[in-house]
file query.txt (compact mmCIF, C-alpha atoms)
# COMPACT_ATOMS: atom_id res chain seq x y z
CA MET A 755 -2.87 66.23 -55.80
CA ALA A 756 -2.48 62.85 -54.10
CA SER A 757 -4.59 62.53 -50.94
CA GLY A 758 -2.92 59.39 -49.64
CA CYS A 759 -6.19 57.46 -50.04
CA ALA A 760 -6.14 54.82 -52.80
CA PHE A 761 -9.81 55.35 -53.65
CA CYS A 762 -9.59 59.13 -53.65
CA ASP A 763 -6.50 59.11 -55.85
CA ASP A 764 -7.49 56.33 -58.22
CA GLU A 765 -10.60 54.80 -59.79
CA GLY A 766 -9.81 51.51 -58.04
CA GLY A 767 -10.22 49.23 -61.06
CA ARG A 768 -11.70 49.11 -64.52
CA ARG A 769 -14.84 51.22 -64.52
CA LEU A 770 -18.08 49.35 -65.25
CA TRP A 771 -20.52 52.07 -64.20
CA ARG A 772 -20.52 55.36 -62.34
CA ASP A 773 -22.86 58.06 -61.14
CA GLU A 774 -22.40 61.18 -58.99
CA ARG A 775 -22.34 59.18 -55.79
CA CYS A 776 -20.54 55.91 -56.46
CA ARG A 777 -18.84 53.73 -59.04
CA VAL A 778 -18.56 50.05 -59.91
CA VAL A 779 -15.22 48.65 -60.99
CA LEU A 780 -13.86 45.28 -62.02
CA THR A 781 -10.79 44.64 -59.88
CA ASP A 782 -7.56 42.84 -60.69
CA GLU A 783 -7.89 40.62 -57.62
CA PRO A 784 -7.02 36.96 -58.34
CA PHE A 785 -10.70 35.96 -58.36
CA GLU A 786 -12.70 36.10 -61.55
CA ALA A 787 -15.26 38.88 -61.82
CA PHE A 788 -14.38 40.32 -58.40
CA CYS A 789 -16.19 43.68 -58.47
CA ARG A 790 -16.06 46.61 -56.13
CA VAL A 791 -18.60 49.36 -55.50
CA ILE A 792 -16.83 52.46 -54.22
CA TRP A 793 -18.46 55.52 -52.69
CA ASN A 794 -16.99 58.52 -54.51
CA ALA A 795 -16.56 60.79 -51.50
CA HIS A 796 -14.13 59.91 -48.72
CA VAL A 797 -16.51 58.46 -46.13
CA ARG A 798 -15.49 55.83 -43.60
CA GLU A 799 -18.50 53.78 -42.50
CA MET A 800 -21.98 52.94 -43.77
CA THR A 801 -23.43 54.67 -40.71
CA ASP A 802 -21.59 57.86 -41.69
CA LEU A 803 -23.84 58.06 -44.76
CA SER A 804 -27.41 59.36 -44.72
CA ALA A 805 -30.12 56.71 -44.94
CA ALA A 806 -30.84 57.78 -48.54
CA ASN A 807 -27.19 57.44 -49.53
CA ARG A 808 -26.89 54.07 -47.82
CA ALA A 809 -29.94 52.87 -49.74
CA HIS A 810 -28.48 54.15 -53.00
CA LEU A 811 -25.15 52.43 -52.43
CA MET A 812 -26.82 49.13 -51.57
CA HIS A 813 -29.11 49.44 -54.59
CA VAL A 814 -25.96 49.51 -56.72
CA VAL A 815 -24.41 46.60 -54.77
CA TYR A 816 -27.55 44.51 -55.37
CA ALA A 817 -27.51 45.41 -59.07
CA VAL A 818 -23.95 44.11 -59.31
CA GLU A 819 -24.86 40.96 -57.39
CA SER A 820 -27.85 40.36 -59.70
CA ALA A 821 -25.80 40.90 -62.85
CA LEU A 822 -23.04 38.56 -61.66
CA ARG A 823 -25.55 35.88 -60.66
CA ALA A 824 -27.33 36.12 -64.02
CA ARG A 825 -24.10 35.91 -66.03
CA LEU A 826 -22.06 33.42 -63.97
CA THR A 827 -24.42 31.39 -61.72
CA PRO A 828 -21.95 31.37 -58.83
CA SER A 829 -22.16 28.85 -55.98
CA LYS A 830 -22.46 31.79 -53.57
CA MET A 831 -22.20 35.55 -53.58
CA ASN A 832 -19.93 37.25 -51.05
CA LEU A 833 -20.53 40.86 -50.00
CA ALA A 834 -18.15 42.69 -47.69
CA SER A 835 -17.32 46.21 -46.58
CA LEU A 836 -14.12 46.00 -44.55
CA GLY A 837 -11.77 48.90 -45.32
CA ASN A 838 -9.23 48.26 -42.58
CA ALA A 839 -6.36 49.06 -44.94
CA THR A 840 -8.26 51.63 -47.03
CA PRO A 841 -10.89 53.25 -44.81
CA HIS A 842 -12.82 54.75 -47.74
CA LEU A 843 -16.25 53.15 -48.02
CA HIS A 844 -16.36 50.34 -50.59
CA TRP A 845 -18.08 47.01 -51.09
CA HIS A 846 -16.47 43.85 -52.38
CA VAL A 847 -18.98 41.95 -54.55
CA ILE A 848 -17.47 38.56 -55.27
CA PRO A 849 -18.98 35.62 -57.11
CA ARG A 850 -17.69 32.42 -55.52
CA PHE A 851 -17.48 29.01 -57.12
CA ALA A 852 -17.22 25.61 -55.44
CA ASP A 853 -13.96 24.99 -57.32
CA ASP A 854 -12.37 28.41 -56.91
CA THR A 855 -8.96 28.62 -55.23
CA HIS A 856 -10.35 29.34 -51.74
CA PHE A 857 -13.94 28.05 -51.55
CA PRO A 858 -15.53 27.61 -49.01
CA ASN A 859 -12.98 29.81 -47.25
CA PRO A 860 -13.37 33.56 -47.55
CA VAL A 861 -11.14 35.02 -50.28
CA TRP A 862 -9.00 36.42 -47.45
CA GLY A 863 -8.56 32.98 -45.85
CA PRO A 864 -6.28 30.06 -46.68
CA ARG A 865 -5.97 29.03 -50.30
CA LEU A 866 -7.19 25.47 -50.90
CA ARG A 867 -6.54 24.89 -54.63
CA GLU A 868 -3.90 25.91 -57.12
CA GLN A 869 -6.11 26.97 -59.99
CA THR A 870 -9.71 27.54 -60.88
CA PRO A 871 -11.22 26.98 -64.34
CA GLN A 872 -11.67 30.17 -66.35
CA ARG A 873 -15.31 31.19 -66.59
CA VAL A 874 -15.09 34.72 -67.91
CA SER A 875 -14.79 35.31 -71.63
CA ASP A 876 -13.42 38.33 -73.47
CA ASP A 877 -16.80 39.96 -73.81
CA PHE A 878 -17.54 39.73 -70.08
CA PHE A 879 -16.47 43.27 -69.25
CA PRO A 880 -18.64 45.09 -71.84
CA SER A 881 -21.54 42.71 -71.20
CA LEU A 882 -21.51 43.36 -67.46
CA ALA A 883 -21.17 47.10 -68.04
CA ALA A 884 -24.19 46.93 -70.35
CA ASP A 885 -26.18 44.98 -67.74
CA LEU A 886 -25.47 47.67 -65.14
CA GLY A 887 -26.38 50.46 -67.53
CA ALA A 888 -29.68 48.72 -68.28
CA THR A 889 -30.49 48.32 -64.57
CA LEU A 890 -29.06 51.51 -63.10
CA GLY A 891 -29.28 53.95 -65.98
CA ALA A 892 -26.52 55.25 -68.22
CA SER A 893 -23.10 55.52 -66.65
CA LEU A 894 -21.35 58.86 -66.35
CA ALA A 895 -18.43 59.12 -68.74
CA MET B 24 -36.23 18.14 -36.58
CA ALA B 25 -32.73 19.05 -37.64
CA SER B 26 -32.63 20.62 -41.10
CA GLY B 27 -28.88 20.33 -41.56
CA CYS B 28 -28.57 24.14 -41.61
CA ALA B 29 -26.83 25.63 -38.57
CA PHE B 30 -28.97 28.78 -38.63
CA CYS B 31 -32.24 26.91 -39.11
CA ASP B 32 -31.46 24.49 -36.30
CA ASP B 33 -29.92 26.93 -33.85
CA GLU B 34 -30.16 30.58 -32.80
CA GLY B 35 -26.54 31.10 -33.86
CA GLY B 36 -25.35 32.87 -30.72
CA ARG B 37 -26.61 34.72 -27.68
CA ARG B 38 -29.77 36.58 -28.69
CA LEU B 39 -29.55 40.37 -28.44
CA TRP B 40 -32.73 41.18 -30.38
CA ARG B 41 -35.24 39.48 -32.64
CA ASP B 42 -38.32 40.21 -34.69
CA GLU B 43 -40.43 38.14 -37.10
CA ARG B 44 -37.90 38.50 -39.89
CA CYS B 45 -34.42 38.44 -38.39
CA ARG B 46 -32.38 38.24 -35.23
CA VAL B 47 -29.19 39.74 -33.80
CA VAL B 48 -26.84 37.54 -31.82
CA LEU B 49 -23.54 37.96 -30.05
CA THR B 50 -21.25 35.21 -31.35
CA ASP B 51 -18.54 33.25 -29.60
CA GLU B 52 -16.02 34.09 -32.33
CA PRO B 53 -12.58 35.02 -30.92
CA PHE B 54 -13.17 38.73 -31.57
CA GLU B 55 -14.81 40.89 -28.95
CA ALA B 56 -18.38 41.99 -29.65
CA PHE B 57 -18.54 40.10 -32.96
CA CYS B 58 -22.26 40.23 -33.76
CA ARG B 59 -24.30 38.50 -36.41
CA VAL B 60 -27.61 39.46 -37.97
CA ILE B 61 -29.36 36.35 -39.23
CA TRP B 62 -32.41 36.24 -41.48
CA ASN B 63 -34.87 33.87 -39.83
CA ALA B 64 -36.04 32.08 -42.97
CA HIS B 65 -33.66 29.93 -44.98
CA VAL B 66 -32.78 32.31 -47.81
CA ARG B 67 -29.48 32.20 -49.66
CA GLU B 68 -28.62 35.61 -51.10
CA MET B 69 -29.56 39.26 -50.53
CA THR B 70 -31.01 39.35 -54.04
CA ASP B 71 -33.32 36.45 -53.14
CA LEU B 72 -35.08 38.79 -50.70
CA SER B 73 -37.67 41.38 -51.71
CA ALA B 74 -36.47 44.98 -51.72
CA ALA B 75 -38.51 45.66 -48.57
CA ASN B 76 -36.95 42.71 -46.75
CA ARG B 77 -33.45 43.69 -47.87
CA ALA B 78 -34.05 47.19 -46.53
CA HIS B 79 -35.32 45.79 -43.23
CA LEU B 80 -32.33 43.50 -42.81
CA MET B 81 -29.86 46.30 -43.54
CA HIS B 82 -31.75 48.63 -41.18
CA VAL B 83 -31.01 46.10 -38.44
CA VAL B 84 -27.37 45.73 -39.56
CA TYR B 85 -26.90 49.52 -39.39
CA ALA B 86 -28.51 49.62 -35.93
CA VAL B 87 -25.97 47.05 -34.73
CA GLU B 88 -23.12 48.99 -36.35
CA SER B 89 -24.30 52.21 -34.69
CA ALA B 90 -24.66 50.60 -31.28
CA LEU B 91 -21.21 49.01 -31.48
CA ARG B 92 -19.62 52.27 -32.61
CA ALA B 93 -21.29 54.21 -29.81
CA ARG B 94 -20.25 51.72 -27.11
CA LEU B 95 -16.75 50.73 -28.31
CA THR B 96 -15.40 53.40 -30.71
CA PRO B 97 -13.74 50.80 -32.97
CA SER B 98 -10.96 51.69 -35.41
CA LYS B 99 -13.16 50.33 -38.21
CA MET B 100 -16.40 48.45 -38.67
CA ASN B 101 -16.43 45.34 -40.85
CA LEU B 102 -19.64 44.13 -42.50
CA ALA B 103 -19.80 40.90 -44.46
CA SER B 104 -22.33 38.47 -45.84
CA LEU B 105 -20.40 35.43 -47.06
CA GLY B 106 -22.19 32.18 -46.20
CA ASN B 107 -20.00 29.82 -48.19
CA ALA B 108 -20.07 27.25 -45.40
CA THR B 109 -23.58 28.10 -44.16
CA PRO B 110 -25.60 29.43 -47.10
CA HIS B 111 -28.34 30.89 -44.92
CA LEU B 112 -28.38 34.66 -45.19
CA HIS B 113 -26.50 36.35 -42.33
CA TRP B 114 -24.34 39.42 -41.77
CA HIS B 115 -21.19 39.56 -39.72
CA VAL B 116 -21.00 42.93 -37.93
CA ILE B 117 -17.53 43.18 -36.43
CA PRO B 118 -15.95 46.07 -34.55
CA ARG B 119 -12.23 46.11 -35.35
CA PHE B 120 -9.45 47.64 -33.28
CA ALA B 121 -5.99 48.66 -34.37
CA ASP B 122 -4.53 46.31 -31.75
CA ASP B 123 -6.83 43.33 -32.29
CA THR B 124 -5.27 39.98 -33.18
CA HIS B 125 -5.70 40.39 -36.96
CA PHE B 126 -5.95 44.12 -37.74
CA PRO B 127 -5.65 45.37 -40.48
CA ASN B 128 -6.18 41.90 -41.93
CA PRO B 129 -9.74 40.65 -42.25
CA VAL B 130 -10.74 38.41 -39.33
CA TRP B 131 -10.47 35.49 -41.79
CA GLY B 132 -6.90 36.40 -42.77
CA PRO B 133 -3.57 35.77 -41.04
CA ARG B 134 -3.34 36.45 -37.33
CA LEU B 135 -0.81 39.17 -36.53
CA ARG B 136 -0.85 39.36 -32.71
CA GLU B 137 -1.23 36.92 -29.86
CA GLN B 138 -3.70 38.82 -27.74
CA THR B 139 -5.85 41.88 -27.74
CA PRO B 140 -6.74 43.96 -24.65
CA GLN B 141 -10.19 43.23 -23.28
CA ARG B 142 -12.63 46.06 -23.97
CA VAL B 143 -15.96 44.51 -23.17
CA SER B 144 -17.18 44.48 -19.57
CA ASP B 145 -19.73 42.19 -17.94
CA ASP B 146 -22.61 44.54 -18.59
CA PHE B 147 -21.89 44.79 -22.31
CA PHE B 148 -24.42 42.17 -23.37
CA PRO B 149 -27.48 43.65 -21.59
CA SER B 150 -26.39 47.18 -22.53
CA LEU B 151 -26.12 46.35 -26.23
CA ALA B 152 -29.43 44.49 -26.12
CA ALA B 153 -31.03 47.56 -24.53
CA ASP B 154 -29.51 49.82 -27.22
CA LEU B 155 -31.04 47.65 -29.93
CA GLY B 156 -34.41 47.56 -28.23
CA ALA B 157 -34.37 51.36 -27.99
CA THR B 158 -33.51 51.74 -31.69
CA LEU B 159 -35.43 48.87 -33.24
CA GLY B 160 -38.34 48.39 -30.86
CA ALA B 161 -38.88 45.67 -28.27
CA SER B 162 -37.37 42.30 -29.06
CA LEU B 163 -39.58 39.25 -29.43
CA ALA B 164 -39.15 36.87 -26.53
call {"tool": "encode", "arguments": {"input": "query.txt", "output": "structure tokens"}}
result
Amino acid sequence: MASGCAFCDDEGGRRLWRDERCRVVLTDEPFEAFCRVIWNAHVREMTDLSAANRAHLMHVVYAVESALRARLTPSKMNLASLGNATPHLHWHVIPRFADDTHFPNPVWGPRLREQTPQRVSDDFFPSLAADLGATLGASLA
Amino acid sequence: MASGCAFCDDEGGRRLWRDERCRVVLTDEPFEAFCRVIWNAHVREMTDLSAANRAHLMHVVYAVESALRARLTPSKMNLASLGNATPHLHWHVIPRFADDTHFPNPVWGPRLREQTPQRVSDDFFPSLAADLGATLGASLA
């Protein structure tokens, strides 16, 4: 039954990794390798989680950041938990490049360039999923 | 001597709390009670910190989130570590309100309203500083 919450009703992207508490997805945002770490349960804020659950969620966020840095060598990593439109706890984990469409603006700010060179090859998705499995343990099916 | 880094050369706002590793400041951004937690040393990414230092920094971020929620009851909290313009590790900790100038857009997105009602009174700064001292221990001078 639909709950009305996008992240309760839907995975939120292409699943890279998942455990009982949270999942990592590759989004279809117009930024290459824009990942999201989504808490599985409908929780609003980081400070609504227990300290142990907060630590677990951030451990996964850092694993995604590390994997993206190792594979893509971005100019900067951007981490954000906003949720104004979808108040279900999730983290944007975004590799930024000096020549991407918005850099140095936030991805939510004004666009500065028409196009960005493609950096992600066809095997990026399974490679990143494998990196996360190696770091975090096997993903749930 | 000026380093060329805004957060090495300057406190970054009005100091609410500080220890040997990081500091909390109230910014002059055009959003009420927009706080920033700044790592004192010039470090670029969360994954450049040790696990213990990451945990410490986030412990401070959560303390700021908790204090802002308790004092202001925001519609949503926004947390972000971007640093594209100033690649010195810092967290934006922003209480958002359904009637603020940009909500539900990110604060970096399009403005939607001219003005927002004032919520913060004159004693907000010392009160928030006292909250942080109570939670995190006495601030360094």
call {"tool": "residues_near_point", "arguments": {"input": "query.txt", "point": "(-19.3, 52.7, -47.2)", "cutoff": "6 Å", "atoms": "only C-alpha atoms", "output": "list in words"}}
result
Glu799, Met800, Leu843 and His844 of chain A
call {"tool": "residues_around", "arguments": {"input": "query.txt", "residues": "Pro133 (chain B)", "least_positions_apart": "5", "cutoff": "9 Å", "atoms": "only C-alpha atoms", "output": "list in words"}}
result
Trp862, Gly863 and Pro864 of chain A; His125 and Asn128 of chain B
call {"tool": "residues_around", "arguments": {"input": "query.txt", "residues": "Ala834 (chain A)", "least_positions_apart": "3", "cutoff": "9 Å", "atoms": "all atoms listed in the file", "output": "NGL selection string"}}
result
(:A and (844-848)) or (:B and (101-105))
call {"tool": "write_last_selection", "arguments": {"input": "query.txt", "atoms": "C-alpha atoms", "output": "mmCIF file, in the frame of the given file"}}
result
data_model
loop_
_atom_site.group_PDB
_atom_site.id
_atom_site.type_symbol
_atom_site.label_atom_id
_atom_site.label_comp_id
_atom_site.auth_asym_id
_atom_site.auth_seq_id
_atom_site.Cartn_x
_atom_site.Cartn_y
_atom_site.Cartn_z
ATOM 1 C CA HIS A 844 -16.360 50.340 -50.590
ATOM 2 C CA TRP A 845 -18.080 47.010 -51.090
ATOM 3 C CA HIS A 846 -16.470 43.850 -52.380
ATOM 4 C CA VAL A 847 -18.980 41.950 -54.550
ATOM 5 C CA ILE A 848 -17.470 38.560 -55.270
ATOM 6 C CA ASN B 101 -16.430 45.340 -40.850
ATOM 7 C CA LEU B 102 -19.640 44.130 -42.500
ATOM 8 C CA ALA B 103 -19.800 40.900 -44.460
ATOM 9 C CA SER B 104 -22.330 38.470 -45.840
ATOM 10 C CA LEU B 105 -20.400 35.430 -47.060
#
call {"tool": "residues_around", "arguments": {"input": "query.txt", "residues": "Pro118 (chain B)", "least_positions_apart": "5", "cutoff": "9 Å", "atoms": "all atoms listed in the file", "output": "PyMOL selection string"}}
result
chain B and resi 54-58+88+91-92+95-102
call {"tool": "atom_distance", "arguments": {"input": "query.txt", "atom1": "CA of Thr139 (chain B)", "atom2": "CA of Ala152 (chain B)"}}
result
23.8 Å
call {"tool": "closest_residue", "arguments": {"input": "query.txt", "among": "A:Val791, A:Ala824, A:Ala817, A:Val861", "to": "Thr889 (chain A)", "atoms": "all atoms listed in the file"}}
result
A:Ala817
call {"tool": "closest_residue", "arguments": {"input": "query.txt", "among": "A:Tyr816, A:Gly837, A:Asp877, A:Pro871", "to": "Pro127 (chain B)", "atoms": "all atoms listed in the file"}}
result
A:Gly837
call {"tool": "atom_distance", "arguments": {"input": "query.txt", "atom1": "CA of Asn107 (chain B)", "atom2": "CA of Ala852 (chain A)"}}
result
8.8 Å
call {"tool": "atom_distance", "arguments": {"input": "query.txt", "atom1": "CA of Asp853 (chain A)", "atom2": "CA of Cys28 (chain B)"}}
result
21.5 Å
call {"tool": "closest_residue", "arguments": {"input": "query.txt", "among": "B:Val143, B:Leu151, B:Leu72, B:Ala157", "to": "chain A", "atoms": "all atoms listed in the file"}}
result
B:Leu72
call {"tool": "residues_around", "arguments": {"input": "query.txt", "residues": "Val814 (chain A)", "least_positions_apart": "2", "cutoff": "12 Å", "atoms": "all atoms listed in the file", "output": "PyMOL selection string"}}
result
(chain A and resi 770-773+775-779+789-793+807-812+816-821+844-847+885-887+889-891+893) or (chain B and resi 70)
call {"tool": "residues_around", "arguments": {"input": "query.txt", "residues": "Arg67 (chain B)", "least_positions_apart": "4", "cutoff": "8 Å", "atoms": "all atoms listed in the file", "output": "list in words"}}
result
Asp71, Pro110, His111 and Leu112 of chain B
call {"tool": "closest_residue", "arguments": {"input": "query.txt", "among": "B:Arg94, B:Arg136, B:Arg142, B:His82", "to": "chain A", "atoms": "only C-alpha atoms"}}
result
B:His82
call {"tool": "decode", "arguments": {"input": "query.txt", "residues": "region 61-72 of chain B", "atoms": "all heavy atoms", "output": "compact mmCIF listing (two decimals), in the first residue's frame"}}
result
# COMPACT_ATOMS: atom_id res chain seq x y z
N ILE B 61 33.00 23.77 12.17
CA ILE B 61 34.21 23.85 11.34
C ILE B 61 35.34 23.06 12.01
O ILE B 61 35.63 23.29 13.20
CB ILE B 61 34.65 25.33 11.17
CG1 ILE B 61 33.49 26.16 10.58
CG2 ILE B 61 35.90 25.44 10.29
CD1 ILE B 61 33.73 27.67 10.61
N TRP B 62 35.93 22.16 11.27
CA TRP B 62 37.11 21.45 11.78
C TRP B 62 38.24 22.46 11.85
O TRP B 62 38.43 23.25 10.93
CB TRP B 62 37.45 20.28 10.84
CG TRP B 62 38.44 19.32 11.43
CD1 TRP B 62 39.74 19.15 11.06
CD2 TRP B 62 38.21 18.39 12.50
NE1 TRP B 62 40.33 18.18 11.83
CE2 TRP B 62 39.41 17.70 12.73
CE3 TRP B 62 37.10 18.10 13.30
CZ2 TRP B 62 39.54 16.73 13.72
CZ3 TRP B 62 37.22 17.13 14.28
CH2 TRP B 62 38.44 16.45 14.47
N ASN B 63 39.00 22.46 12.97
CA ASN B 63 40.01 23.51 13.11
C ASN B 63 41.16 23.36 12.12
O ASN B 63 41.61 24.34 11.54
CB ASN B 63 40.55 23.54 14.55
CG ASN B 63 39.50 24.02 15.54
OD1 ASN B 63 38.55 24.72 15.17
ND2 ASN B 63 39.65 23.64 16.80
N ALA B 64 41.63 22.14 11.93
CA ALA B 64 42.76 21.93 11.02
C ALA B 64 42.27 21.95 9.57
O ALA B 64 41.11 21.67 9.29
CB ALA B 64 43.42 20.59 11.33
N HIS B 65 43.16 22.25 8.67
CA HIS B 65 42.79 22.32 7.25
C HIS B 65 42.76 20.91 6.65
O HIS B 65 43.77 20.39 6.18
CB HIS B 65 43.77 23.20 6.48
CG HIS B 65 43.32 23.46 5.07
ND1 HIS B 65 42.38 24.43 4.76
CD2 HIS B 65 43.62 22.85 3.90
CE1 HIS B 65 42.16 24.42 3.46
NE2 HIS B 65 42.90 23.47 2.91
N VAL B 66 41.59 20.32 6.71
CA VAL B 66 41.36 18.97 6.18
C VAL B 66 40.25 19.11 5.15
O VAL B 66 39.36 19.95 5.30
CB VAL B 66 40.95 18.02 7.32
CG1 VAL B 66 40.43 16.69 6.80
CG2 VAL B 66 42.12 17.80 8.26
N ARG B 67 40.31 18.29 4.11
CA ARG B 67 39.41 18.48 2.98
C ARG B 67 38.09 17.70 3.10
O ARG B 67 37.01 18.25 2.96
CB ARG B 67 40.16 18.02 1.73
CG ARG B 67 39.54 18.45 0.43
CD ARG B 67 40.47 18.10 -0.74
NE ARG B 67 39.90 18.56 -1.98
CZ ARG B 67 40.06 19.78 -2.47
NH1 ARG B 67 40.80 20.66 -1.84
NH2 ARG B 67 39.47 20.12 -3.60
N GLU B 68 38.18 16.42 3.35
CA GLU B 68 37.01 15.54 3.28
C GLU B 68 36.81 14.79 4.60
O GLU B 68 37.78 14.55 5.33
CB GLU B 68 37.18 14.49 2.17
CG GLU B 68 37.54 15.03 0.80
CD GLU B 68 36.36 15.65 0.05
OE1 GLU B 68 35.26 15.78 0.62
OE2 GLU B 68 36.56 16.03 -1.11
N MET B 69 35.59 14.36 4.85
CA MET B 69 35.32 13.53 6.03
C MET B 69 36.22 12.30 6.04
O MET B 69 36.74 11.90 7.09
CB MET B 69 33.85 13.10 6.07
CG MET B 69 32.90 14.19 6.51
SD MET B 69 33.24 14.87 8.15
CE MET B 69 32.55 13.60 9.24
N THR B 70 36.41 11.69 4.87
CA THR B 70 37.21 10.45 4.83
C THR B 70 38.72 10.74 4.86
O THR B 70 39.51 9.81 4.75
CB THR B 70 36.83 9.59 3.61
OG1 THR B 70 36.80 10.41 2.44
CG2 THR B 70 35.46 8.96 3.82
N ASP B 71 39.11 11.99 5.03
CA ASP B 71 40.51 12.31 5.34
C ASP B 71 40.74 12.33 6.85
O ASP B 71 41.89 12.37 7.29
CB ASP B 71 40.92 13.66 4.75
CG ASP B 71 40.99 13.63 3.24
OD1 ASP B 71 41.28 12.56 2.67
OD2 ASP B 71 40.75 14.69 2.62
N LEU B 72 39.67 12.33 7.62
CA LEU B 72 39.78 12.28 9.08
C LEU B 72 39.85 10.83 9.55
O LEU B 72 39.30 9.94 8.90
CB LEU B 72 38.55 12.92 9.75
CG LEU B 72 38.35 14.42 9.67
CD1 LEU B 72 37.09 14.79 10.47
CD2 LEU B 72 39.55 15.18 10.22
